[in-house]
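query01.csv (CSV, C-alpha atoms)
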```csv
chain,number,residue,atom,x,y,z
A,9,MET,CA,-76.2,65.7,115.6
A,10,LEU,CA,-72.8,66.0,114.0
A,11,PRO,CA,-74.2,66.9,110.5
A,12,LEU,CA,-76.6,69.4,112.1
A,13,THR,CA,-73.7,71.0,114.0
A,14,GLU,CA,-71.6,71.2,110.8
A,15,ASP,CA,-74.5,72.9,109.0
A,16,LEU,CA,-75.0,75.5,111.8
A,17,SER,CA,-71.3,76.3,111.8
A,18,GLN,CA,-71.3,77.3,108.2
A,19,GLY,CA,-70.9,81.0,107.6
A,20,ILE,CA,-70.1,81.8,111.3
A,21,ASP,CA,-67.2,84.1,111.9
A,22,PRO,CA,-65.0,82.7,114.7
A,23,ARG,CA,-64.3,86.3,115.8
A,24,ASP,CA,-67.9,86.5,117.0
A,25,PHE,CA,-67.0,84.0,119.7
A,26,GLN,CA,-63.8,85.6,121.1
A,27,ALA,CA,-63.8,85.7,124.9
A,28,VAL,CA,-62.8,88.9,126.6
A,29,HIS,CA,-61.3,88.6,130.1
A,30,ASP,CA,-61.3,91.5,132.5
A,31,GLY,CA,-58.2,90.2,134.3
A,32,ILE,CA,-60.0,89.7,137.6
A,33,VAL,CA,-59.8,86.1,139.0
A,34,HIS,CA,-62.5,85.1,141.5
A,35,ASN,CA,-61.3,82.6,144.1
A,36,PRO,CA,-64.2,81.9,146.5
A,37,LEU,CA,-62.9,80.5,149.8
A,38,GLY,CA,-63.7,76.9,150.7
A,39,GLY,CA,-64.6,75.7,154.1
A,40,ALA,CA,-61.0,75.2,155.3
A,41,ALA,CA,-59.9,78.5,153.9
A,42,TYR,CA,-62.6,80.3,156.0
A,43,LEU,CA,-61.6,78.3,159.1
A,44,TYR,CA,-57.9,79.2,158.7
A,45,GLU,CA,-58.3,82.6,157.1
A,46,GLU,CA,-56.6,84.4,160.0
A,47,GLY,CA,-54.2,81.6,161.0
A,48,HIS,CA,-54.2,77.9,161.8
A,49,LEU,CA,-53.1,77.8,165.5
A,50,LYS,CA,-56.2,79.2,167.2
A,51,PRO,CA,-58.6,77.0,165.2
A,52,ILE,CA,-56.5,73.9,166.0
A,53,LEU,CA,-56.5,74.7,169.8
A,54,HIS,CA,-60.2,75.2,169.6
A,55,GLN,CA,-60.7,71.9,167.8
A,56,LEU,CA,-58.7,70.1,170.5
A,57,GLY,CA,-60.8,71.6,173.3
A,58,LEU,CA,-57.9,73.5,174.8
A,59,ILE,CA,-59.7,76.9,174.5
A,60,PRO,CA,-62.6,76.9,177.0
A,61,VAL,CA,-66.1,77.6,175.7
A,62,SER,CA,-67.8,80.7,177.2
A,63,PRO,CA,-69.6,80.2,180.5
A,64,VAL,CA,-72.9,80.8,178.7
A,65,LEU,CA,-72.3,78.2,176.1
A,66,SER,CA,-71.0,75.7,178.7
A,67,ALA,CA,-74.2,76.1,180.7
A,68,LEU,CA,-76.3,75.7,177.6
A,69,LEU,CA,-74.5,72.5,176.4
A,70,TYR,CA,-73.7,70.8,179.6
A,71,GLY,CA,-76.0,72.3,182.2
A,72,ILE,CA,-73.0,73.5,184.2
A,73,ASP,CA,-72.4,77.0,185.3
A,74,ASN,CA,-68.7,77.9,184.8
A,75,GLY,CA,-69.3,81.6,185.1
A,76,VAL,CA,-68.4,81.9,188.8
A,77,ASN,CA,-65.3,80.5,190.6
A,78,PRO,CA,-66.3,80.5,194.3
A,79,GLY,CA,-62.7,80.0,195.5
A,80,GLY,CA,-61.3,82.7,193.3
A,81,ALA,CA,-57.6,82.7,192.4
A,82,LEU,CA,-56.6,82.0,196.0
A,83,ASN,CA,-57.8,78.4,195.7
A,84,HIS,CA,-56.6,77.8,192.1
A,85,VAL,CA,-54.6,74.6,191.7
A,86,PRO,CA,-52.1,74.8,188.8
A,87,THR,CA,-52.8,72.4,186.0
A,88,THR,CA,-51.1,71.1,182.9
A,89,THR,CA,-52.0,69.0,179.9
A,90,THR,CA,-50.0,67.3,177.2
A,91,LEU,CA,-50.6,67.5,173.4
A,92,ILE,CA,-48.8,64.9,171.4
A,93,ILE,CA,-48.0,65.4,167.7
A,94,TYR,CA,-47.3,62.0,166.1
A,95,ILE,CA,-45.0,61.6,163.2
A,96,GLY,CA,-43.9,58.3,161.7
A,97,ALA,CA,-41.3,56.7,159.4
A,98,GLN,CA,-40.2,53.3,158.2
A,99,PRO,CA,-36.5,53.2,159.2
A,100,ASN,CA,-35.4,51.4,156.0
A,101,ASN,CA,-33.1,54.2,154.9
A,102,SER,CA,-31.8,57.6,156.1
A,103,PRO,CA,-34.4,60.4,156.4
A,104,HIS,CA,-35.1,61.7,152.9
A,105,ALA,CA,-36.3,65.2,152.0
A,106,GLY,CA,-40.0,64.5,152.6
A,107,THR,CA,-39.3,63.0,156.0
A,108,ILE,CA,-37.1,65.9,157.0
A,109,ILE,CA,-39.8,68.4,155.9
A,110,THR,CA,-42.6,66.5,157.8
A,111,PHE,CA,-40.5,66.3,161.0
A,112,ALA,CA,-39.5,70.0,160.8
A,113,THR,CA,-43.2,70.9,160.4
A,114,ALA,CA,-44.1,68.9,163.5
A,115,PHE,CA,-41.5,70.7,165.6
A,116,VAL,CA,-42.4,74.2,164.4
A,117,LEU,CA,-46.1,73.5,164.9
A,118,ALA,CA,-45.4,72.2,168.4
A,119,ARG,CA,-43.5,75.3,169.3
A,120,ASP,CA,-46.1,77.6,167.8
A,121,LEU,CA,-49.0,75.9,169.5
A,122,GLN,CA,-47.3,76.3,172.9
A,123,THR,CA,-46.6,80.0,172.2
A,124,GLU,CA,-50.1,80.7,170.9
A,125,TYR,CA,-51.8,79.0,173.8
A,126,THR,CA,-49.8,81.0,176.3
A,127,LYS,CA,-50.7,84.2,174.5
A,128,LEU,CA,-54.4,83.4,174.2
A,129,ARG,CA,-54.7,82.4,177.8
A,130,ALA,CA,-52.9,85.5,179.0
A,131,ASP,CA,-55.1,87.8,176.9
A,132,ALA,CA,-58.3,86.1,178.0
A,133,LEU,CA,-57.5,86.2,181.7
A,134,ALA,CA,-56.3,89.8,181.5
A,135,SER,CA,-59.9,90.8,180.5
A,136,SER,CA,-61.6,88.2,182.8
A,137,PRO,CA,-59.4,87.0,185.7
A,138,ALA,CA,-62.4,85.0,187.1
A,139,ASP,CA,-62.1,82.5,184.2
A,140,THR,CA,-58.7,81.2,185.5
A,141,HIS,CA,-60.4,77.9,186.5
A,142,LEU,CA,-61.5,77.3,182.9
A,143,TRP,CA,-58.0,77.3,181.5
A,144,VAL,CA,-55.2,74.8,181.8
A,145,ASP,CA,-52.2,76.7,183.1
A,146,THR,CA,-49.5,75.0,181.0
A,147,LEU,CA,-49.8,73.4,177.6
A,148,ARG,CA,-46.9,71.0,177.0
A,149,VAL,CA,-46.6,69.8,173.3
A,150,VAL,CA,-44.5,66.8,172.6
A,151,VAL,CA,-43.4,65.4,169.2
A,152,GLN,CA,-43.5,61.6,169.2
A,153,LEU,CA,-41.7,59.7,166.4
A,154,ASP,CA,-43.2,56.3,165.8
A,155,LEU,CA,-40.5,54.2,164.0
A,156,VAL,CA,-42.3,51.4,162.1
A,157,ASP,CA,-39.8,48.6,162.9
A,158,THR,CA,-42.4,46.1,161.6
A,159,ALA,CA,-41.7,47.3,158.0
A,160,PRO,CA,-40.3,44.5,155.8
A,161,ASP,CA,-36.6,44.0,155.3
A,162,ALA,CA,-36.5,43.9,151.5
A,163,SER,CA,-33.4,41.7,151.5
A,164,ARG,CA,-35.3,38.9,153.3
A,165,SER,CA,-38.7,38.9,151.6
A,166,ALA,CA,-39.9,35.8,149.9
A,167,GLU,CA,-43.0,34.5,147.9
A,168,ILE,CA,-44.2,30.9,148.3
A,169,ASP,CA,-47.2,29.6,146.3
A,170,GLY,CA,-48.3,33.1,145.6
A,171,VAL,CA,-48.2,34.2,149.2
A,172,LYS,CA,-45.7,36.9,150.3
A,173,TYR,CA,-43.7,36.3,153.5
A,174,GLN,CA,-41.6,38.9,155.2
A,175,TYR,CA,-38.9,39.4,157.8
A,176,SER,CA,-39.3,42.8,159.6
A,177,HIS,CA,-36.6,45.2,160.5
A,178,ARG,CA,-37.5,44.3,164.1
A,179,ALA,CA,-36.6,40.7,163.4
A,180,THR,CA,-33.5,41.3,161.3
A,181,GLY,CA,-32.1,44.4,162.9
A,182,ALA,CA,-31.3,46.0,159.5
A,183,MET,CA,-32.8,49.3,160.6
A,184,ASN,CA,-30.0,49.8,163.3
A,185,ALA,CA,-27.7,51.1,160.6
A,186,PHE,CA,-30.1,54.1,160.0
A,187,LEU,CA,-31.3,54.9,163.6
A,188,PRO,CA,-28.4,57.3,164.4
A,189,ASP,CA,-29.5,59.5,161.4
A,190,TYR,CA,-33.0,59.8,162.9
A,191,HIS,CA,-31.8,60.6,166.3
A,192,LYS,CA,-29.4,63.2,164.9
A,193,LEU,CA,-32.3,64.8,162.9
A,194,LEU,CA,-34.5,65.0,166.0
A,195,GLY,CA,-31.8,66.6,168.0
A,196,GLU,CA,-31.1,69.2,165.3
A,197,LEU,CA,-34.8,70.0,165.0
A,198,GLN,CA,-35.1,70.4,168.8
A,199,ALA,CA,-32.2,72.8,168.7
A,200,PHE,CA,-33.8,74.7,165.8
A,201,VAL,CA,-36.8,75.5,168.0
A,202,GLU,CA,-34.5,76.5,170.9
A,203,ASN,CA,-35.2,73.3,172.9
A,204,SER,CA,-38.8,74.6,173.5
A,205,VAL,CA,-40.2,71.2,172.4
A,206,GLU,CA,-39.7,67.8,173.9
A,207,TYR,CA,-39.6,64.7,171.7
A,208,THR,CA,-39.9,60.9,172.3
A,209,VAL,CA,-39.3,57.9,170.1
A,210,SER,CA,-41.7,54.9,170.1
A,211,ASN,CA,-42.6,51.9,168.0
A,212,PRO,CA,-45.6,49.8,167.0
A,213,GLU,CA,-45.3,47.5,170.1
A,214,ALA,CA,-45.9,50.5,172.3
A,215,LEU,CA,-49.0,51.3,170.3
A,216,MET,CA,-50.3,47.8,170.6
A,217,ARG,CA,-49.9,48.0,174.3
A,218,THR,CA,-52.2,51.0,174.5
A,219,PRO,CA,-55.1,50.1,176.8
A,220,ALA,CA,-57.8,50.8,174.1
A,221,MET,CA,-56.1,48.7,171.5
A,222,HIS,CA,-57.6,45.4,172.6
A,223,ASP,CA,-61.1,46.6,171.9
A,224,ALA,CA,-60.0,48.3,168.6
A,225,ILE,CA,-58.5,45.1,167.2
A,226,ARG,CA,-61.4,42.9,168.4
A,227,THR,CA,-63.8,45.3,166.6
A,228,LEU,CA,-61.7,45.1,163.4
A,229,ILE,CA,-61.6,41.3,163.6
A,230,ARG,CA,-65.4,41.0,164.2
A,231,ASP,CA,-66.0,43.2,161.1
A,232,ARG,CA,-63.1,41.7,159.1
A,233,ALA,CA,-65.2,40.7,156.0
A,234,ARG,CA,-66.2,44.3,155.3
A,235,ILE,CA,-63.0,45.9,156.3
A,236,ALA,CA,-60.9,43.5,154.2
A,237,ALA,CA,-63.1,44.1,151.2
A,238,GLU,CA,-62.7,47.9,151.6
A,239,LEU,CA,-59.1,48.2,152.6
A,240,PHE,CA,-57.6,45.2,150.8
A,241,PRO,CA,-59.8,44.3,147.8
A,242,THR,CA,-57.1,42.6,145.8
A,243,ARG,CA,-56.5,40.0,148.6
A,244,ASN,CA,-59.7,40.2,150.6
A,245,ALA,CA,-57.9,39.4,153.8
A,246,LEU,CA,-57.2,41.4,157.0
A,247,ALA,CA,-53.5,42.3,156.9
A,248,ILE,CA,-52.6,41.3,160.5
A,249,ARG,CA,-49.4,39.4,160.9
A,250,SER,CA,-47.1,38.2,163.7
A,251,ALA,CA,-43.5,37.0,163.3
A,252,CYS,CA,-42.9,33.3,164.1
A,253,SER,CA,-41.3,33.1,167.6
A,254,ALA,CA,-39.3,30.1,166.8
A,255,GLU,CA,-35.6,30.6,167.4
A,256,ALA,CA,-33.8,32.4,164.6
A,257,CYS,CA,-37.0,32.5,162.5
A,258,GLY,CA,-39.2,35.7,162.5
A,259,CYS,CA,-41.1,34.8,159.3
A,260,ALA,CA,-44.5,36.3,158.9
A,261,ASP,CA,-47.4,36.0,156.4
A,262,LYS,CA,-47.2,39.6,155.1
A,263,HIS,CA,-50.9,40.0,154.2
A,264,GLY,CA,-52.4,37.5,156.7
A,265,ILE,CA,-53.6,35.3,153.9
A,266,HIS,CA,-53.6,32.1,155.9
A,267,ASN,CA,-54.9,33.6,159.2
A,268,THR,CA,-57.8,32.1,161.0
A,269,TYR,CA,-59.8,33.9,163.6
A,270,SER,CA,-61.8,32.9,166.7
A,271,VAL,CA,-64.1,35.4,168.4
A,272,GLY,CA,-65.8,34.3,171.6
A,273,PRO,CA,-67.5,36.1,174.4
A,274,ASP,CA,-64.3,36.6,176.4
A,275,ILE,CA,-61.5,35.4,174.1
A,276,THR,CA,-60.3,36.6,170.7
A,277,SER,CA,-57.5,34.6,169.0
A,278,ILE,CA,-55.7,34.6,165.8
A,279,THR,CA,-53.9,31.5,164.4
A,280,PHE,CA,-51.0,32.3,162.1
A,281,ARG,CA,-49.0,29.9,159.9
A,282,CYS,CA,-45.2,29.8,159.5
A,283,THR,CA,-43.9,28.0,156.4
A,284,THR,CA,-41.3,26.3,158.4
A,285,HIS,CA,-42.7,25.8,161.9
A,286,GLY,CA,-46.4,25.5,161.3
A,287,ALA,CA,-49.3,27.1,163.1
A,288,TYR,CA,-49.2,29.3,166.2
A,289,THR,CA,-52.0,31.1,168.0
A,290,LEU,CA,-52.1,34.5,169.9
A,291,ALA,CA,-54.8,35.8,172.1
A,292,LEU,CA,-55.7,39.4,172.3
A,293,GLU,CA,-56.5,39.1,176.0
A,294,ASP,CA,-52.8,38.4,176.7
A,295,PRO,CA,-51.0,41.8,176.6
A,296,ASP,CA,-47.7,40.2,175.4
A,297,ASP,CA,-49.6,38.4,172.6
A,298,LEU,CA,-51.3,41.6,171.6
A,299,ALA,CA,-48.0,43.4,171.5
A,300,ARG,CA,-46.7,40.8,169.0
A,301,LEU,CA,-49.3,41.7,166.4
A,302,GLU,CA,-48.2,43.7,163.4
A,303,LEU,CA,-50.6,45.7,161.1
A,304,ASN,CA,-49.9,46.9,157.6
A,305,THR,CA,-50.1,50.6,157.0
A,306,PRO,CA,-53.8,51.1,156.2
A,307,LEU,CA,-54.9,48.8,159.0
A,308,ARG,CA,-52.5,50.4,161.5
A,309,ASN,CA,-53.7,53.9,160.6
A,310,LEU,CA,-57.3,52.8,161.2
A,311,ALA,CA,-56.6,51.1,164.5
A,312,ARG,CA,-54.5,54.0,165.7
A,313,ALA,CA,-57.2,56.5,164.8
A,314,ILE,CA,-59.8,54.5,166.8
A,315,VAL,CA,-57.5,54.3,169.8
A,316,TYR,CA,-56.5,58.0,169.7
A,317,MET,CA,-60.1,59.1,169.2
A,318,SER,CA,-61.1,57.0,172.2
A,319,GLU,CA,-58.4,58.5,174.4
A,320,THR,CA,-59.2,62.1,173.3
A,321,ALA,CA,-62.9,61.5,173.9
A,322,GLU,CA,-62.2,60.1,177.4
A,323,SER,CA,-60.1,63.2,178.2
A,324,ARG,CA,-63.0,65.6,177.4
A,325,VAL,CA,-65.5,64.9,180.2
A,326,PRO,CA,-68.1,67.7,179.8
A,327,GLY,CA,-67.9,70.4,182.4
A,328,GLN,CA,-64.5,69.6,183.8
A,329,PRO,CA,-62.5,72.8,184.2
A,330,ALA,CA,-59.0,71.3,183.6
A,331,PRO,CA,-58.4,68.4,181.1
A,332,ALA,CA,-55.3,67.3,182.9
A,333,VAL,CA,-57.0,66.5,186.1
A,334,GLN,CA,-60.1,64.7,184.7
A,335,THR,CA,-60.9,61.3,186.0
A,336,ILE,CA,-60.8,58.6,183.3
A,337,PRO,CA,-62.0,55.0,183.9
A,338,GLU,CA,-59.0,52.7,184.5
A,339,SER,CA,-60.1,50.5,181.6
A,340,THR,CA,-59.3,53.4,179.2
A,341,LYS,CA,-56.9,55.6,181.2
A,342,SER,CA,-53.9,56.9,179.3
A,343,ALA,CA,-51.0,59.3,179.8
A,344,ARG,CA,-52.3,61.3,176.8
A,345,SER,CA,-54.8,64.1,177.4
A,346,PHE,CA,-55.2,65.2,173.8
A,347,THR,CA,-53.8,63.6,170.7
A,348,SER,CA,-53.1,64.8,167.2
A,349,SER,CA,-51.4,63.3,164.2
A,350,LEU,CA,-49.3,64.6,161.5
A,351,SER,CA,-48.4,62.4,158.6
```
Please rewrite the model in this file as structure tokens.
Amino acid sequence: MLPLTEDLSQGIDPRDFQAVHDGIVHNPLGGAAYLYEEGHLKPILHQLGLIPVSPVLSALLYGIDNGVNPGGALNHVPTTTTLIIYIGAQPNNSPHAGTIITFATAFVLARDLQTEYTKLRADALASSPADTHLWVDTLRVVVQLDLVDTAPDASRSAEIDGVKYQYSHRATGAMNAFLPDYHKLLGELQAFVENSVEYTVSNPEALMRTPAMHDAIRTLIRDRARIAAELFPTRNALAIRSACSAEACGCADKHGIHNTYSVGPDITSITFRCTTHGAYTLALEDPDDLARLELNTPLRNLARAIVYMSETAESRVPGQPAPAVQTIPESTKSARSFTSSLS
């Protein structure tokens, strides 16, 4: 083909192939661009189920007629619901520029979502007061910072026979030097949005104590061969660890290389190995044991997504007029009505 191409190119004037541009650039919108073409707040509120569907659509989807409120406004019971925007950081240094920008975005988004919801609700009820029962009266948006205290303290890491072991910031307390900086940043951002947004600070232990976490971890363990191959192909092991509880120890197999698992009808257990104190076993059915588990970043993100999706789904019982007062089975009940994450 090359000689043929060379032959064809002989005697061709390059000027015959000059491209002429009209100066007009065509930028067709993608799916997200169409969705957020007129702003991002209303679409987000729609996606979270906070803007009611029309009575006609509600009847069509769920077989429930929301078009008439027999009690009218006189029997209306005020309702509220909470939307949590999650942000996270490993407290192994002071907040850097990327952390500050992410935190600031969360606070501004929280403020704007509250403002936009109030406006949309007021506009909707001004034209159709009978729809009061379809709307939650007050949307409360909270920013929650998850400080990943299970992150490794770099000064205490070790490698033995090709296996990496770590001591977390939770175990060594090294993060305590940086925590005041995070609290100061949160306070300044709250002041920036004129104290219109609340914030809380949490850690992975609180996440592991979430009611739905037991089932999420059990599911991951049962499917560990596939998940380990997909998330951790270089080690092919599920990166679950737990710090040795022996006094003054805290050592953990960073990637769970030596873990062994037992999955029975009612009991799910993991046996870990400390290089100094030997094997120790935790059972998922014991809340305190479950709270001692540590997950590396990809696995923690997956487990958290499963838990939060479960909670959000449970809060959206079809046909219920107010998300905040829906009845959720005790096995999955949570303080969160809707969840979102920003990372």
Write out as a VMD selection string each polymer residue whose atoms come within 8 Å of range 283-293 of chain A, counting all atoms listed in the file; drop sequence neighbours fewer than 3 positions from it.
chain A and resid 222 226 252 254 259 275 to 280 297 to 298
Of the listed residues A:Leu43, A:Val151, A:Ile95, A:Leu310, that which approaches Ser204 in chain A most closely, counting only C-alpha atoms:
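With only C-alpha atoms as the atom set, the closest residue is A:Val151.
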Minimum-distance residue to Gln152 in chain A, chosen among A:Val205, A:Ala132, A:Val271, A:Ile168 (using only C-alpha atoms):
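The closest residue to Gln152 in chain A is A:Val205.
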Residue contacts of Leu194 in chain A (9 Å, all atoms listed in the file) excluding same-chain residues fewer than 6 positions away, as a list in words
Phe111, Ala112, Leu153 and Tyr207 of chain A
Would you kindly return, as an NGL selection string, each protein, DNA or RNA residue with an atom no farther than 9 Å from any atom of Tyr175 in chain A, considering only C-alpha atoms and excluding same-chain residues fewer than 4 positions away?
:A and (158-166 or 179-180 or 251 or 257-260 or 262)
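Of the listed residues (A:Tyr173, A:Trp143, A:Phe186, A:Tyr94), A:Tyr94 comes nearest to Val209 in chain A; the distances count all atoms listed in the file.
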Could you please determine the separation between CA of His48 in chain A and CA of His141 in chain A in Å, to one decimal place?
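Those two atoms sit 25.5 Å apart.
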Just the number, please: distance in Å from CA of Asp131 in chain A to CA of Ile59 in chain A, one decimal.
12.1 Å
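Taking CA of Gln122 in chain A and CA of Gly195 in chain A as endpoints, the distance between them is 18.9 Å.
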Calculated over only C-alpha atoms, which of the candidates A:Gly272, A:Pro306, A:Leu53, A:Ser250 has the smallest distance to Glu238 in chain A?
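Closest candidate: A:Pro306.
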Considering all atoms listed in the file, return as a PyMOL selection string whatever protein or nucleic-acid residues lie within 6 Å of range 98-110 of chain A, sequence-local ones (same chain, fewer than 3 positions apart) excluded.
chain A and resi 113+155-156+183+186
Written selection (C-alpha atoms) as a PDB file, in the coordinates of the input:
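Below you can see again-v2.pdb, which holds the result:
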```pdb
ATOM      1  CA  THR A 113     -43.200  70.900 160.400  1.00  0.00           C
ATOM      2  CA  LEU A 155     -40.500  54.200 164.000  1.00  0.00           C
ATOM      3  CA  VAL A 156     -42.300  51.400 162.100  1.00  0.00           C
ATOM      4  CA  MET A 183     -32.800  49.300 160.600  1.00  0.00           C
ATOM      5  CA  PHE A 186     -30.100  54.100 160.000  1.00  0.00           C
TER       6      PHE A 186
END
```
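Candidate residues A:Val116, A:Leu128, A:Ile225, A:Ala97 were compared for distance to Thr305 in chain A, and the nearest is A:Ala97, using all atoms listed in the file.
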Report as a PyMOL selection string all protein, DNA and RNA residues lying within 10 Å of Leu215 in chain A, evaluated on all atoms listed in the file, omitting residues in the same chain fewer than 4 positions from it.
chain A and resi 154+210-211+219-221+299+308+311-312+315
